[in-house]
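S.K.: Mind having a look at this structure? Questions to follow.
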Protein chains: 2
Amino acid sequence: MEDLSHKTIHKEKIRTAIVEAARQLLEKEGWENVSIRKIAERIGYSLPMVYTHFENKEAIQKEFVKQGFNLLTDHIVTQTALETEPAQQLIALSAAYFDFSFSHACYYRLMFGLGIPSCQQVNEIGEIKRFTSTIFEVLRKLVPAATDERIFLKFHTLWSVLHGLASISMVNMTGAADTLQKQVLLDAVKGFIKNIND
Amino acid sequence: MEDLSHKTIHKEKIRTAIVEAARQLLEKEGWENVSIRKIAERIGYSLPMVYTHFENKEAIQKEFVKQGFNLLTDHIVTQTALETEPAQQLIALSAAYFDFSFSHACYYRLMFGLGIPSCQQVNEIGEIKRFTSTIFEVLRKLVPAATDERIFLKFHTLWSVLHGLASISMVNMTGAADTLQKQVLLDAVKGFIKNIND
DNA sequence: TAATTTTGCTAACAGTGTTAACCACAACCA
DNA sequence: TGGTTGTGGTTAACACTGTTAGCAAAATTA
């Protein structure tokens, strides 16, 4: 039993080493330049060792999607908690989302990369549900009387606005447009709040 | 002279054959499954022939980004022209944008694929300018008194909303959520219009 | 000690983007 | 006409990629 524990601990160590190596590569050169060989070299094992811990490269990506959503949700939770007024909370939430998309751009790209078949994955990843229900709660406080269906609609709209702004900003990166982007963010979110009851 | 014309015509023929072959592959299997070898095979020439017409694979992608923006802008222009009232034009514009993102999903993915380094490209592609100024004009009619700077802000916001909705819909593709998505679109755009003067 | 499982490796397959070296053929010049 | 120069097009290779089959050595069990 104790021995088995040793084994599993060792296994777990390698697994986290793989993830850590992949994370370093991801942040240094982007996902398209992360290769199984580079990971193997970095953890000091041979290539197939990686495959004993992850079925394929997509499985590693999935790991980062999970991590990413957890990081994002955590960030949103802490930032939202700093405000008390629901509308202000929503603004804080939006700012946090936007913030994350920049400070963890490589995560964000992986989470929403349209080129990658995230389509199927999404429905089966619990971490995303935590994210959505976090936003749900904030919206619920803002419109307590609304039906779930309505809140879902509003949630969908808000997420679209936030993601759209984040990704357009990423593509359009003129570098100095920081203040403009924050203006756009405020503009959009305030519009959203103003219209929350229609 | 005539001979030279023949030559250039031949060259042009091959070039368009390459683009057409790539387009077929793109729509059948997605960009990640488009390979230079497959293109070469499809046009009946050897592999390096492709490289005499396109510097690398990214150059072919760029071609599609241009094509995509032209298709999108054309679609927007024709759909917008069907309305006379500015606010209705904006709604038609938005619907057209959303429509395009679905009917030409593979183009759209290529145009905004975050995983691909579109970042640098954007600033040097004239086709995008046509797109932005088309939207500008519609917004201009809606708020004739506004400054260019303000319209730019509003344009940015609108684009974010549209792109966000389009890409979230793509990732979240439950298949049947079509009516919901159109609701979200209307919800967001109407909110946008309502707030256009703030 | 002998048998067996586990652990990790080397080597290969099939595919990718990209490029260097070459070949045959047409056009030009002597 | 014979030799040279360009050019359209090729084959073959390089350096990668994800992924897997097969094998050797080490550790565990009987």
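In the structure tokens, chains take the letters A, B, ... in the order shown, each chain's residues start at 1, and ligands count up from 1 in the order shown.
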For chain A, work out the contacting residues on chain C at 12 Å, counting only C-alpha atoms (C1' of nucleotides), and write them as a tab-separated table (two decimals) with all heavy atoms, in the first residue's frame.
M.R.:
```
chain	number	residue	atom	x	y	z
C	6	DT	P	1.60	-4.78	-14.10
C	6	DT	OP1	0.60	-4.47	-13.07
C	6	DT	OP2	1.20	-5.00	-15.50
C	6	DT	O5'	2.71	-3.65	-14.06
C	6	DT	C5'	3.50	-3.52	-12.87
C	6	DT	C4'	4.81	-2.86	-13.20
C	6	DT	O4'	5.59	-3.67	-14.10
C	6	DT	C3'	4.71	-1.47	-13.87
C	6	DT	O3'	5.33	-0.56	-13.00
C	6	DT	C2'	5.45	-1.66	-15.20
C	6	DT	C1'	6.39	-2.80	-14.86
C	6	DT	N1	6.95	-3.57	-16.00
C	6	DT	C2	8.30	-3.52	-16.24
C	6	DT	O2	9.06	-2.85	-15.57
C	6	DT	N3	8.73	-4.29	-17.30
C	6	DT	C4	7.95	-5.09	-18.12
C	6	DT	O4	8.44	-5.72	-19.03
C	6	DT	C5	6.54	-5.09	-17.82
C	6	DT	C7	5.61	-5.92	-18.64
C	6	DT	C6	6.10	-4.35	-16.78
C	7	DT	P	5.25	0.99	-13.25
C	7	DT	OP1	5.38	1.69	-11.95
C	7	DT	OP2	4.07	1.21	-14.11
C	7	DT	O5'	6.56	1.25	-14.10
C	7	DT	C5'	7.84	0.86	-13.57
C	7	DT	C4'	8.93	1.42	-14.45
C	7	DT	O4'	9.24	0.49	-15.51
C	7	DT	C3'	8.54	2.74	-15.13
C	7	DT	O3'	9.61	3.64	-14.98
C	7	DT	C2'	8.28	2.34	-16.58
C	7	DT	C1'	9.21	1.14	-16.76
C	7	DT	N1	8.76	0.12	-17.75
C	7	DT	C2	9.70	-0.57	-18.48
C	7	DT	O2	10.89	-0.39	-18.36
C	7	DT	N3	9.18	-1.50	-19.35
C	7	DT	C4	7.85	-1.79	-19.57
C	7	DT	O4	7.51	-2.63	-20.38
C	7	DT	C5	6.93	-1.03	-18.79
C	7	DT	C7	5.45	-1.26	-18.93
C	7	DT	C6	7.41	-0.11	-17.92
C	8	DG	P	9.48	5.14	-15.31
C	8	DG	OP1	10.25	5.94	-14.35
C	8	DG	OP2	8.04	5.40	-15.53
C	8	DG	O5'	10.25	5.20	-16.70
C	8	DG	C5'	11.64	4.88	-16.72
C	8	DG	C4'	12.03	4.51	-18.13
C	8	DG	O4'	11.20	3.42	-18.58
C	8	DG	C3'	11.80	5.62	-19.15
C	8	DG	O3'	13.03	6.29	-19.38
C	8	DG	C2'	11.29	4.88	-20.39
C	8	DG	C1'	11.26	3.43	-19.98
C	8	DG	N9	10.11	2.71	-20.50
C	8	DG	C8	8.78	2.93	-20.24
C	8	DG	N7	8.00	2.09	-20.87
C	8	DG	C5	8.87	1.28	-21.60
C	8	DG	C6	8.61	0.20	-22.48
C	8	DG	O6	7.52	-0.28	-22.80
C	8	DG	N1	9.79	-0.34	-22.98
C	8	DG	C2	11.05	0.11	-22.69
C	8	DG	N2	12.07	-0.53	-23.27
C	8	DG	N3	11.31	1.11	-21.87
C	8	DG	C4	10.18	1.65	-21.37
C	9	DC	P	13.18	7.30	-20.60
C	9	DC	OP1	14.23	8.25	-20.24
C	9	DC	OP2	11.83	7.79	-20.97
C	9	DC	O5'	13.74	6.39	-21.79
C	9	DC	C5'	14.91	5.60	-21.59
C	9	DC	C4'	15.12	4.65	-22.75
C	9	DC	O4'	13.99	3.75	-22.82
C	9	DC	C3'	15.18	5.36	-24.10
C	9	DC	O3'	16.52	5.47	-24.52
C	9	DC	C2'	14.38	4.46	-25.05
C	9	DC	C1'	13.73	3.43	-24.17
C	9	DC	N1	12.25	3.39	-24.31
C	9	DC	C2	11.69	2.44	-25.16
C	9	DC	O2	12.42	1.66	-25.78
C	9	DC	N3	10.33	2.39	-25.29
C	9	DC	C4	9.57	3.24	-24.61
C	9	DC	N4	8.24	3.15	-24.76
C	9	DC	C5	10.13	4.22	-23.74
C	9	DC	C6	11.47	4.27	-23.63
C	10	DT	P	16.85	6.39	-25.76
C	10	DT	OP1	18.24	6.87	-25.57
C	10	DT	OP2	15.75	7.34	-25.91
C	10	DT	O5'	16.81	5.40	-27.02
C	10	DT	C5'	17.38	4.09	-26.92
C	10	DT	C4'	17.06	3.29	-28.18
C	10	DT	O4'	15.65	2.92	-28.17
C	10	DT	C3'	17.29	4.05	-29.49
C	10	DT	O3'	17.87	3.17	-30.45
C	10	DT	C2'	15.89	4.48	-29.91
C	10	DT	C1'	15.02	3.37	-29.36
C	10	DT	N1	13.64	3.78	-28.99
C	10	DT	C2	12.57	3.08	-29.49
C	10	DT	O2	12.67	2.13	-30.25
C	10	DT	N3	11.34	3.54	-29.07
C	10	DT	C4	11.09	4.60	-28.21
C	10	DT	O4	9.95	4.91	-27.91
C	10	DT	C5	12.27	5.28	-27.73
C	10	DT	C7	12.12	6.44	-26.80
C	10	DT	C6	13.48	4.85	-28.13
C	11	DA	P	18.26	3.76	-31.88
C	11	DA	OP1	19.41	2.95	-32.37
C	11	DA	OP2	18.35	5.22	-31.80
C	11	DA	O5'	16.99	3.37	-32.75
C	11	DA	C5'	16.36	2.09	-32.55
C	11	DA	C4'	15.16	1.96	-33.47
C	11	DA	O4'	13.97	2.50	-32.83
C	11	DA	C3'	15.30	2.71	-34.80
C	11	DA	O3'	14.81	1.89	-35.84
C	11	DA	C2'	14.46	3.96	-34.60
C	11	DA	C1'	13.34	3.43	-33.71
C	11	DA	N9	12.69	4.46	-32.91
C	11	DA	C8	13.27	5.54	-32.30
C	11	DA	N7	12.43	6.30	-31.64
C	11	DA	C5	11.20	5.67	-31.83
C	11	DA	C6	9.91	5.98	-31.38
C	11	DA	N6	9.62	7.04	-30.63
C	11	DA	N1	8.91	5.14	-31.75
C	11	DA	C2	9.20	4.08	-32.51
C	11	DA	N3	10.39	3.69	-32.98
C	11	DA	C4	11.35	4.53	-32.60
```
S.K.: For chain A against chain D, which residues fall within 9 Å using only C-alpha atoms (C1' of nucleotides), given as a list in words?
M.R.: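 Listed by rising number, the hits are Ser35, Ile36, Pro48, Tyr51, Asn56 and Lys57 of chain A.
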S.K.: Those same residues, written as a PDB file, in the first residue's frame with all heavy atoms?
M.R.:
```pdb
ATOM      1  N   SER A  35       5.798  21.371 -28.525  1.00  0.00           N
ATOM      2  CA  SER A  35       5.818  20.024 -29.110  1.00  0.00           C
ATOM      3  C   SER A  35       6.094  18.995 -28.019  1.00  0.00           C
ATOM      4  O   SER A  35       6.748  19.292 -27.017  1.00  0.00           O
ATOM      5  CB  SER A  35       6.868  19.926 -30.214  1.00  0.00           C
ATOM      6  OG  SER A  35       8.148  19.696 -29.672  1.00  0.00           O
ATOM      7  N   ILE A  36       5.600  17.799 -28.254  1.00  0.00           N
ATOM      8  CA  ILE A  36       5.793  16.725 -27.277  1.00  0.00           C
ATOM      9  C   ILE A  36       7.276  16.469 -27.063  1.00  0.00           C
ATOM     10  O   ILE A  36       7.723  16.217 -25.944  1.00  0.00           O
ATOM     11  CB  ILE A  36       5.105  15.437 -27.765  1.00  0.00           C
ATOM     12  CG1 ILE A  36       3.684  15.735 -28.241  1.00  0.00           C
ATOM     13  CG2 ILE A  36       5.097  14.391 -26.667  1.00  0.00           C
ATOM     14  CD1 ILE A  36       2.696  15.941 -27.170  1.00  0.00           C
ATOM     15  N   PRO A  48       7.893   8.958 -25.498  1.00  0.00           N
ATOM     16  CA  PRO A  48       6.651   8.229 -25.210  1.00  0.00           C
ATOM     17  C   PRO A  48       6.200   8.338 -23.755  1.00  0.00           C
ATOM     18  O   PRO A  48       5.050   8.028 -23.442  1.00  0.00           O
ATOM     19  CB  PRO A  48       7.013   6.770 -25.536  1.00  0.00           C
ATOM     20  CG  PRO A  48       8.184   6.856 -26.443  1.00  0.00           C
ATOM     21  CD  PRO A  48       8.942   8.053 -25.969  1.00  0.00           C
ATOM     22  N   TYR A  51       3.250  10.320 -23.379  1.00  0.00           N
ATOM     23  CA  TYR A  51       2.008   9.669 -23.809  1.00  0.00           C
ATOM     24  C   TYR A  51       1.444   8.714 -22.770  1.00  0.00           C
ATOM     25  O   TYR A  51       0.306   8.289 -22.872  1.00  0.00           O
ATOM     26  CB  TYR A  51       2.232   8.936 -25.134  1.00  0.00           C
ATOM     27  CG  TYR A  51       2.234   9.871 -26.312  1.00  0.00           C
ATOM     28  CD1 TYR A  51       3.414  10.438 -26.766  1.00  0.00           C
ATOM     29  CD2 TYR A  51       1.042  10.221 -26.929  1.00  0.00           C
ATOM     30  CE1 TYR A  51       3.408  11.312 -27.840  1.00  0.00           C
ATOM     31  CE2 TYR A  51       1.034  11.091 -28.001  1.00  0.00           C
ATOM     32  CZ  TYR A  51       2.217  11.633 -28.454  1.00  0.00           C
ATOM     33  OH  TYR A  51       2.219  12.502 -29.504  1.00  0.00           O
ATOM     34  N   ASN A  56      -2.941  12.359 -25.828  1.00  0.00           N
ATOM     35  CA  ASN A  56      -2.392  13.049 -26.995  1.00  0.00           C
ATOM     36  C   ASN A  56      -2.218  14.534 -26.664  1.00  0.00           C
ATOM     37  O   ASN A  56      -2.461  14.959 -25.543  1.00  0.00           O
ATOM     38  CB  ASN A  56      -3.288  12.859 -28.226  1.00  0.00           C
ATOM     39  CG  ASN A  56      -4.739  13.148 -27.894  1.00  0.00           C
ATOM     40  OD1 ASN A  56      -5.019  14.014 -27.056  1.00  0.00           O
ATOM     41  ND2 ASN A  56      -5.644  12.438 -28.521  1.00  0.00           N
ATOM     42  N   LYS A  57      -1.813  15.266 -27.680  1.00  0.00           N
ATOM     43  CA  LYS A  57      -1.529  16.685 -27.436  1.00  0.00           C
ATOM     44  C   LYS A  57      -2.789  17.441 -27.035  1.00  0.00           C
ATOM     45  O   LYS A  57      -2.748  18.366 -26.220  1.00  0.00           O
ATOM     46  CB  LYS A  57      -0.919  17.306 -28.696  1.00  0.00           C
ATOM     47  CG  LYS A  57      -0.143  18.575 -28.403  1.00  0.00           C
ATOM     48  CD  LYS A  57       0.358  19.263 -29.657  1.00  0.00           C
ATOM     49  CE  LYS A  57       1.002  20.589 -29.296  1.00  0.00           C
ATOM     50  NZ  LYS A  57       1.422  21.341 -30.494  1.00  0.00           N
TER      51      LYS A  57
END
```
S.K.: Set the distance at 12 Å and use only C-alpha atoms (C1' of nucleotides): which residues neighbour Gly68 of chain A once local chain neighbours fewer than 6 positions away are removed? I'd like the list as a list in words.
M.R.: Arg23, Gln61, Lys62, Asp74, His75, Tyr97, Phe100, Ser101, Ser103, His104, Ala105, Cys106, Tyr107, Tyr108, Arg109, Leu110, Met111, Phe112, Ile125, Glu127, Ile128, Arg130 and Phe131 of chain A
S.K.: Can you measure atom CA of Ala17 of chain A to atom CA of Gly126 of chain A for me? One decimal in Å is fine.
M.R.: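 Computing the Euclidean distance for atom CA of Ala17 of chain A and atom CA of Gly126 of chain A yields 23.4 Å.
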S.K.: Tell me, in Å to one decimal, how far atom CA of Phe192 of chain B is from atom CA of Gly113 of chain A.
M.R.: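 That distance, rounded to one decimal, is 26.4 Å.
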S.K.: For chain B, which residue out of A:Gln67, A:Asn197, A:Arg37, A:Met170 is the nearest one, using only C-alpha atoms?
M.R.: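 Of A:Gln67, A:Asn197, A:Arg37, A:Met170, the one nearest chain B is A:Met170, counting only C-alpha atoms.
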S.K.: I'd like the neighbourhood of Lys182 of chain A as a list in words, where a residue qualifies if any of its atoms comes within 12 Å (using only C-alpha atoms (C1' of nucleotides)), though same-chain residues fewer than 3 positions away should be ignored.
M.R.: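 Counting only the stated atoms, we get Ile91, Ser94, Ala95, Ala96, Tyr97, Phe98, Asp99, Leu162, Leu165, Ala166, Ser169, Ala176, Ala177, Asp178, Thr179, Leu185, Leu186, Asp187, Ala188, Val189 and Lys190 of chain A; Leu153, His156 and Thr157 of chain B.
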S.K.: Figure out the distance between atom CA of Gly164 of chain A and atom CA of Glu29 of chain B, please, to one decimal in Å.
M.R.: 25.8 Å
